[in-house]
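To start, the structure itself, in structure tokens.
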Amino acid sequence: MSDPLLASLNPQQTEAVTLPARHALVLAGAGSGKTRVLTTRIAWLLRQSMASPAGILAVTFTNKAAREMLSRLEAMLPMSPRGMWIGTFHGLCNRLLRAHYKDAGLDRLFQILDAADQLSAIKRLLKTLNVDDEKFPPRNLQYFINAHKEAGLRPHAVEVPDEYTRQRAELYQEYEAQCQRESVVDFAELLLRSFELLQRNEPIRRHYQQRFRYILVDEFQDTNVLQYRWLKLLAADGQEGGAALFCVGDDDQSIYRFRGAEIGNMRDFEREFQVRDIIRLEQNYRSHGNILDAANAIIRNNANRLGKNLWTERGEGEPIRVFEAFSDTDEARWIVEEIQALLRDGATRSDIAVLYRANAQSRVLEHQLFSAGVPYRVYGGLRFFERQEIKHALAYLRLLANPGDDTAFMRVVNFPTRGIGARTQEMLQDAARQRNGSLYATVPHLSGKSAASLARFVTLIETMRRETQALPLPEQVEHVVERSGLRAHYQAEREGQDRLENLDELVRAAESFHIETRAAPETLAQAHALLADFLSHASLEAGDHQAGAQEEAVQLMTVHAAKGLEFDIVFLCGLEEEVFPHINSLSESVVGLEEERRLMYVAVTRARERLYLSHAQSRLLRGQTHYHLRSRFLDEIPSGLLKPLAQKSRFSGSGYGGDGWRGEKTHSRASTSISPTDTFQSRELPGGFRIGQNVRHPTFGYGVIIDAEGDATVRVNFGDAGVKWLMLSIAKLEAVMPESKD
DNA sequence: TACTATACGGTTTTT
DNA sequence: CCGTATAGTA
């Protein structure tokens with residue numbers, strides 16, 4: 001009696017999928033089939049008639065994950081999954097607030113501020129309040145506001161241990177008032193506002209508590225305090241009659257603590273919901289054994305884990321290759337050579353990823369890939385809806401939907417330039433503040449020379465509104481792009497070609513949105529709502545619309561960006577102390593280091609077949625050469641899993657000359673053959689030591705030579721043991737070669 | 001008002 | 001080193 005739905009699941013997956021209506025926590029290791037379990041669980045609940053589509057709420061963090069779930073469900077189910085609430089926290093909150101905008105105290109067409117909009121709103125606020133932005137840096141304030149919202153705290157609830165905090169709380173309050181006045185809502189507000197709506201409006205709360213019988217949460221380890229409270233509220237706090245909460249997550253893959261993710265939620269959930277069913281998915285279907293062994297060995301060094309050990313049936317596979325380069329340039333060049341060799345052997349470019357800790361590291365890699373003519377794609381750049389031309393066009397649309405949106409007003413009032421300069425804008429802001437009205441509404445009350453140009457702008461917006469209101473959405477967008485002068489502006493600009501194409505792409509995005517939502521607005525109100533929906537979509541799915549064709553290319557991205565992805569071949573570079581683990585995390589004691597280690601764990605588990613780890617003796621950071629010790633994470637991997645690659649293997653046959661790494665001659669030859677821009681120092685000291693050289697000292701342990709004075713004294717960074725000046729003639733320094741280091 | 005020179009500050013990032 | 005933000009000048 002094999003059930004086709006469960007046919008290819010392992011026992012633990014099956015157990016998770018077929019649990020009765022109870023709260024459950026699924027600890028799903030990397031590559032253990034977590035999305036599969038989530039979707040199959042939903043399909044199973046429906047098939048067993050334990051739930052109707054309307055009774056299901058599934059929450060994810062990214063739109064991509066939500067879409068993935070939806071499309072898998074579509075393939076599994078006999079019916080359309082449209083009746084279910086499946087989406088991101090923010091998307092679902094937006095849906096909730098649009099449905100109950102009055103009860104939530106919002107305008108029908110409220111707009112959503114993305115992070116950049118929020119920042120400019122804060123800057124504007126400080127300006128109108130005449131607040132010194134040196135004393136209250138806008139970014140700082142933004143963080144302050146968001147952190148408190150994410151903790152569920154309104155201004156009056158903020159703890160004020162000192163005067164400075166009190167002032168910041170006051171600015172938080174002013175910011176809220178401004179948002180309310182302008183009918184705009186930031187990301188954190190979407191969550192907090194819908195949480196408060198449910199909390200204080202009993203009929204609405206009861207409605208949703210009774211409606212949702214099953215709540216499923218993906219990437220639960222990434223939830224913040226407020227998101228967890230939101231879930232608790234919807235699940236009626238675990239009381240009898242509330243929804244069954246099914247949370248899937250991996251504490252070892254929690255890498256967003258810096259933006260408020262609270263791993264403690266997993267333990268809290270377990271306790272507060274008296275979770276009896278904790279299921280571990282430990283069988284990994286992705287990577288070979290050596291890779292998993294390395295990952296397990298690394299993560300074992302973290303305390304306070306819920307505990308989990310990945311295993312596979314795929315066999316141990318290849319050893320993990322480790323390469324020590326002289327410099328970052330050298331490292332990049334080696335990676336590119338290796339990639340070219342792999343491609344010659346038949347590898348596919350898109351199956352190869354190069355991962356790094358910080359975006360700044362992509363430069364050298366890009367340079368080498370570009371020179372070698374290897375197609376590559378860097379992830380994490382500017383996203384479609386965040387491009388300035390797109391934001392400008394959207395700002396015009398926002399003004400059509402909501403003239404009170406001062407952020408949008410300020411963005412385009414003088415773009416393209418209309419002779420409305422800073423002084424005029426300030427004058428308008430002052431007047432608006434006095435009248436306690438929006439910028440837009442204040443314009444007609446002004447007089448004087450600059451008032452005329454402002455009035456022309458308002459007339460332009462009014463005209464556009466009149467001209468577009470009967471048009472279908474895509475034509476509205478097209479019209480605005482044309483009529484606002486944006487198109488003409490970019491046509492006149494020398495390098496405006498890409499921007500023009502993006503504006504065309506925006507019109508196409510409106511078209512597909514129009515088609516997907518199958519909206520056929522009949523009344524004016526419906527047409528307005530459709531425009532508002534499109535604008536929400538643009539704010540909430542900014543990254544969705546990546547410009548640029550899906551070319552067959554090597555994939556470059558940060559480890560963060562690689563979470564959830566997998567590749568046959570992974571290069572993880574820059575494995576040096578202060579780079580990975582990152583210097584800023586090292587100063588945050590254990591918590592910071594443990595998060596870095598989880599990041600390392602995520603990085604390693606991205607690889608299916610082959611993993612390369614590399615580090616460089618010297619690295620150019622912000623124009624300065626740094627000499628770092630190799631990363632402690634490298635040493636946390638059992639040496640039996642590693643295969644050190646000698647410099648030798650690459651110098652022979654790769655055109656650099658030289659015949660080995662050990663010989664003293666090779667040192668200078670190899671390093672001088674590196675490009676002239678490379679600042680790698682090659683001056684030799686007695687005993688064959690150089691700056692950048694890895695060494696070992698009987699007392700201080702491993703270190704790296706970072707400086708030298710004359711021929712006799714060297715400065716060595718011993719990491720935890722500190723930085724020391726040593727006499728070469730006295731100190732028993734031993735050179736450590738990459739292939740001999742244990 | 002618009003353009004150019006200097007200072008400054010630089011993890012990770014989704015919504 | 002490199003982009004951004006502000007100050008100063010045409």
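Ordering of the structure tokens sets the chain letters (A, B, ...), residue numbers begin anew at 1 in every chain, and ligands are numbered from 1 in the order given.
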
Using only C-alpha atoms (C1' of nucleotides), which chain A residues lie at most 9 Å away from chain C, written as a compact mmCIF listing (two decimals) with N, CA, C and O atoms, in the first residue's frame?
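Heads up, here's the output in out33.txt:
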```
# COMPACT_ATOMS: atom_id res chain seq x y z
N LEU A 620 44.88 42.83 -0.43
CA LEU A 620 44.74 44.27 -0.56
C LEU A 620 43.34 44.67 -0.11
O LEU A 620 42.35 44.28 -0.73
N LEU A 621 43.27 45.38 1.00
CA LEU A 621 41.98 45.82 1.50
C LEU A 621 41.99 47.32 1.62
O LEU A 621 42.85 47.88 2.31
N ARG A 622 41.08 48.00 1.00
CA ARG A 622 41.00 49.45 1.02
C ARG A 622 42.35 50.08 0.75
O ARG A 622 42.80 50.96 1.48
N GLY A 623 43.03 49.52 -0.26
CA GLY A 623 44.28 50.12 -0.67
C GLY A 623 45.48 49.77 0.19
O GLY A 623 46.58 50.24 -0.06
N GLN A 624 45.25 48.96 1.22
CA GLN A 624 46.37 48.57 2.07
C GLN A 624 46.58 47.08 2.06
O GLN A 624 45.62 46.32 2.03
```

At most 7 Å to chain A: residues in chain B, only C-alpha atoms (C1' of nucleotides), as a ChimeraX atom specification
/B:1,11-12,14-15

Restricting it to all heavy atoms, dump the selection as an mmCIF file, in the first residue's frame.
```cif
data_model
loop_
_atom_site.group_PDB
_atom_site.id
_atom_site.type_symbol
_atom_site.label_atom_id
_atom_site.label_comp_id
_atom_site.auth_asym_id
_atom_site.auth_seq_id
_atom_site.Cartn_x
_atom_site.Cartn_y
_atom_site.Cartn_z
ATOM 1 P P DT B 1 16.427 77.476 -6.685
ATOM 2 O OP1 DT B 1 15.505 76.365 -6.509
ATOM 3 O OP2 DT B 1 17.133 77.997 -5.555
ATOM 4 O "O5'" DT B 1 17.479 77.018 -7.775
ATOM 5 C "C5'" DT B 1 17.116 77.213 -9.142
ATOM 6 C "C4'" DT B 1 18.233 76.686 -10.009
ATOM 7 O "O4'" DT B 1 19.459 77.381 -9.690
ATOM 8 C "C3'" DT B 1 18.527 75.199 -9.845
ATOM 9 O "O3'" DT B 1 18.601 74.636 -11.144
ATOM 10 C "C2'" DT B 1 19.878 75.144 -9.163
ATOM 11 C "C1'" DT B 1 20.517 76.450 -9.619
ATOM 12 N N1 DT B 1 21.532 77.008 -8.664
ATOM 13 C C2 DT B 1 22.817 77.266 -9.122
ATOM 14 O O2 DT B 1 23.168 77.047 -10.267
ATOM 15 N N3 DT B 1 23.656 77.789 -8.177
ATOM 16 C C4 DT B 1 23.366 78.090 -6.872
ATOM 17 O O4 DT B 1 24.213 78.558 -6.134
ATOM 18 C C5 DT B 1 22.017 77.801 -6.458
ATOM 19 C C7 DT B 1 21.569 78.069 -5.045
ATOM 20 C C6 DT B 1 21.155 77.278 -7.354
ATOM 21 P P DT B 11 32.184 47.785 5.754
ATOM 22 O OP1 DT B 11 33.475 47.315 6.241
ATOM 23 O OP2 DT B 11 31.794 47.727 4.351
ATOM 24 O "O5'" DT B 11 31.086 47.099 6.612
ATOM 25 C "C5'" DT B 11 31.214 45.865 7.053
ATOM 26 C "C4'" DT B 11 31.230 44.766 5.982
ATOM 27 O "O4'" DT B 11 31.360 43.589 6.725
ATOM 28 C "C3'" DT B 11 29.971 44.579 5.129
ATOM 29 O "O3'" DT B 11 30.305 43.847 3.976
ATOM 30 C "C2'" DT B 11 29.084 43.829 6.080
ATOM 31 C "C1'" DT B 11 30.071 42.976 6.808
ATOM 32 N N1 DT B 11 29.730 42.864 8.236
ATOM 33 C C2 DT B 11 29.234 43.957 8.918
ATOM 34 O O2 DT B 11 29.049 45.024 8.415
ATOM 35 N N3 DT B 11 28.952 43.725 10.216
ATOM 36 C C4 DT B 11 29.103 42.564 10.925
ATOM 37 O O4 DT B 11 28.823 42.483 12.118
ATOM 38 C C5 DT B 11 29.627 41.452 10.147
ATOM 39 C C7 DT B 11 29.836 40.172 10.799
ATOM 40 C C6 DT B 11 29.908 41.654 8.863
ATOM 41 P P DT B 12 29.185 43.765 2.845
ATOM 42 O OP1 DT B 12 29.885 43.278 1.663
ATOM 43 O OP2 DT B 12 28.337 44.968 2.780
ATOM 44 O "O5'" DT B 12 28.280 42.593 3.417
ATOM 45 C "C5'" DT B 12 28.579 41.253 3.059
ATOM 46 C "C4'" DT B 12 27.647 40.334 3.783
ATOM 47 O "O4'" DT B 12 27.804 40.519 5.185
ATOM 48 C "C3'" DT B 12 26.169 40.619 3.512
ATOM 49 O "O3'" DT B 12 25.728 39.730 2.516
ATOM 50 C "C2'" DT B 12 25.477 40.314 4.820
ATOM 51 C "C1'" DT B 12 26.597 40.160 5.830
ATOM 52 N N1 DT B 12 26.453 41.063 7.000
ATOM 53 C C2 DT B 12 26.650 40.549 8.250
ATOM 54 O O2 DT B 12 26.940 39.398 8.438
ATOM 55 N N3 DT B 12 26.485 41.443 9.273
ATOM 56 C C4 DT B 12 26.168 42.774 9.164
ATOM 57 O O4 DT B 12 26.053 43.473 10.151
ATOM 58 C C5 DT B 12 25.981 43.266 7.811
ATOM 59 C C7 DT B 12 25.668 44.689 7.582
ATOM 60 C C6 DT B 12 26.135 42.387 6.817
ATOM 61 P P DT B 14 19.060 39.983 -0.333
ATOM 62 O OP1 DT B 14 19.916 39.237 -1.251
ATOM 63 O OP2 DT B 14 18.736 41.383 -0.640
ATOM 64 O "O5'" DT B 14 17.691 39.163 -0.168
ATOM 65 C "C5'" DT B 14 17.502 38.267 0.903
ATOM 66 C "C4'" DT B 14 16.163 38.584 1.534
ATOM 67 O "O4'" DT B 14 16.360 39.423 2.679
ATOM 68 C "C3'" DT B 14 15.219 39.354 0.613
ATOM 69 O "O3'" DT B 14 14.087 38.544 0.383
ATOM 70 C "C2'" DT B 14 14.875 40.634 1.342
ATOM 71 C "C1'" DT B 14 15.331 40.392 2.752
ATOM 72 N N1 DT B 14 15.953 41.576 3.379
ATOM 73 C C2 DT B 14 15.746 41.789 4.725
ATOM 74 O O2 DT B 14 15.045 41.052 5.398
ATOM 75 N N3 DT B 14 16.380 42.877 5.228
ATOM 76 C C4 DT B 14 17.180 43.773 4.560
ATOM 77 O O4 DT B 14 17.684 44.702 5.135
ATOM 78 C C5 DT B 14 17.362 43.496 3.151
ATOM 79 C C7 DT B 14 18.220 44.388 2.331
ATOM 80 C C6 DT B 14 16.750 42.427 2.642
ATOM 81 P P DT B 15 13.007 39.124 -0.648
ATOM 82 O OP1 DT B 15 12.277 37.946 -1.096
ATOM 83 O OP2 DT B 15 13.661 40.045 -1.604
ATOM 84 O "O5'" DT B 15 12.015 39.985 0.259
ATOM 85 C "C5'" DT B 15 11.403 39.349 1.374
ATOM 86 C "C4'" DT B 15 10.667 40.392 2.188
ATOM 87 O "O4'" DT B 15 11.619 41.164 2.925
ATOM 88 C "C3'" DT B 15 9.871 41.382 1.355
ATOM 89 O "O3'" DT B 15 8.479 41.241 1.625
ATOM 90 C "C2'" DT B 15 10.341 42.751 1.757
ATOM 91 C "C1'" DT B 15 11.160 42.492 3.011
ATOM 92 N N1 DT B 15 12.337 43.375 3.116
ATOM 93 C C2 DT B 15 12.652 43.877 4.366
ATOM 94 O O2 DT B 15 12.011 43.611 5.363
ATOM 95 N N3 DT B 15 13.729 44.699 4.382
ATOM 96 C C4 DT B 15 14.521 45.067 3.301
ATOM 97 O O4 DT B 15 15.460 45.823 3.458
ATOM 98 C C5 DT B 15 14.145 44.494 2.036
ATOM 99 C C7 DT B 15 14.937 44.813 0.818
ATOM 100 C C6 DT B 15 13.080 43.674 2.004
#
```

re atom CA of Lys391 of chain A and atom CA of Ala538 of chain A: distance 9.4 Å

Could you give me, as a list in words, the residues within 10 Å of Pro20 of chain A, counting only C-alpha atoms (C1' of nucleotides) and dropping anything in the same chain fewer than 5 positions from it?
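Contacts, in chain order: Glu15, Leu45, Met50 and Ala244 of chain A.
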
Please produce an output containing N, CA, C and O atoms for each residue in the selection, written as an mmCIF file, in the first residue's frame.
```cif
data_model
loop_
_atom_site.group_PDB
_atom_site.id
_atom_site.type_symbol
_atom_site.label_atom_id
_atom_site.label_comp_id
_atom_site.auth_asym_id
_atom_site.auth_seq_id
_atom_site.Cartn_x
_atom_site.Cartn_y
_atom_site.Cartn_z
ATOM 1 N N GLU A 15 7.482 10.799 8.519
ATOM 2 C CA GLU A 15 6.925 11.085 9.836
ATOM 3 C C GLU A 15 6.482 12.544 9.927
ATOM 4 O O GLU A 15 5.386 12.843 10.410
ATOM 5 N N LEU A 45 -2.173 16.995 4.008
ATOM 6 C CA LEU A 45 -3.266 17.517 4.842
ATOM 7 C C LEU A 45 -4.539 17.683 4.017
ATOM 8 O O LEU A 45 -5.639 17.355 4.468
ATOM 9 N N MET A 50 -7.872 16.810 6.182
ATOM 10 C CA MET A 50 -7.635 17.391 7.497
ATOM 11 C C MET A 50 -7.728 18.906 7.423
ATOM 12 O O MET A 50 -7.875 19.579 8.433
ATOM 13 N N ALA A 244 -2.496 24.335 14.269
ATOM 14 C CA ALA A 244 -1.296 23.550 14.534
ATOM 15 C C ALA A 244 -0.131 24.242 13.833
ATOM 16 O O ALA A 244 -0.202 24.559 12.657
#
```

Hey, which of A:Ala395, A:Leu73, A:Leu446, A:Leu471 ends up closest to Glu522 of chain A? Count only C-alpha atoms.
A:Leu471

Spatial neighbours of segment 502-505 of chain A, max dist 10 Å, only C-alpha atoms (C1' of nucleotides), sep filter under 4 positions, as an NGL selection string:
:A and (384-385 or 387 or 389-390 or 392-393 or 477-478 or 481-482 or 486-487 or 490 or 496-498 or 509-511 or 545 or 547)
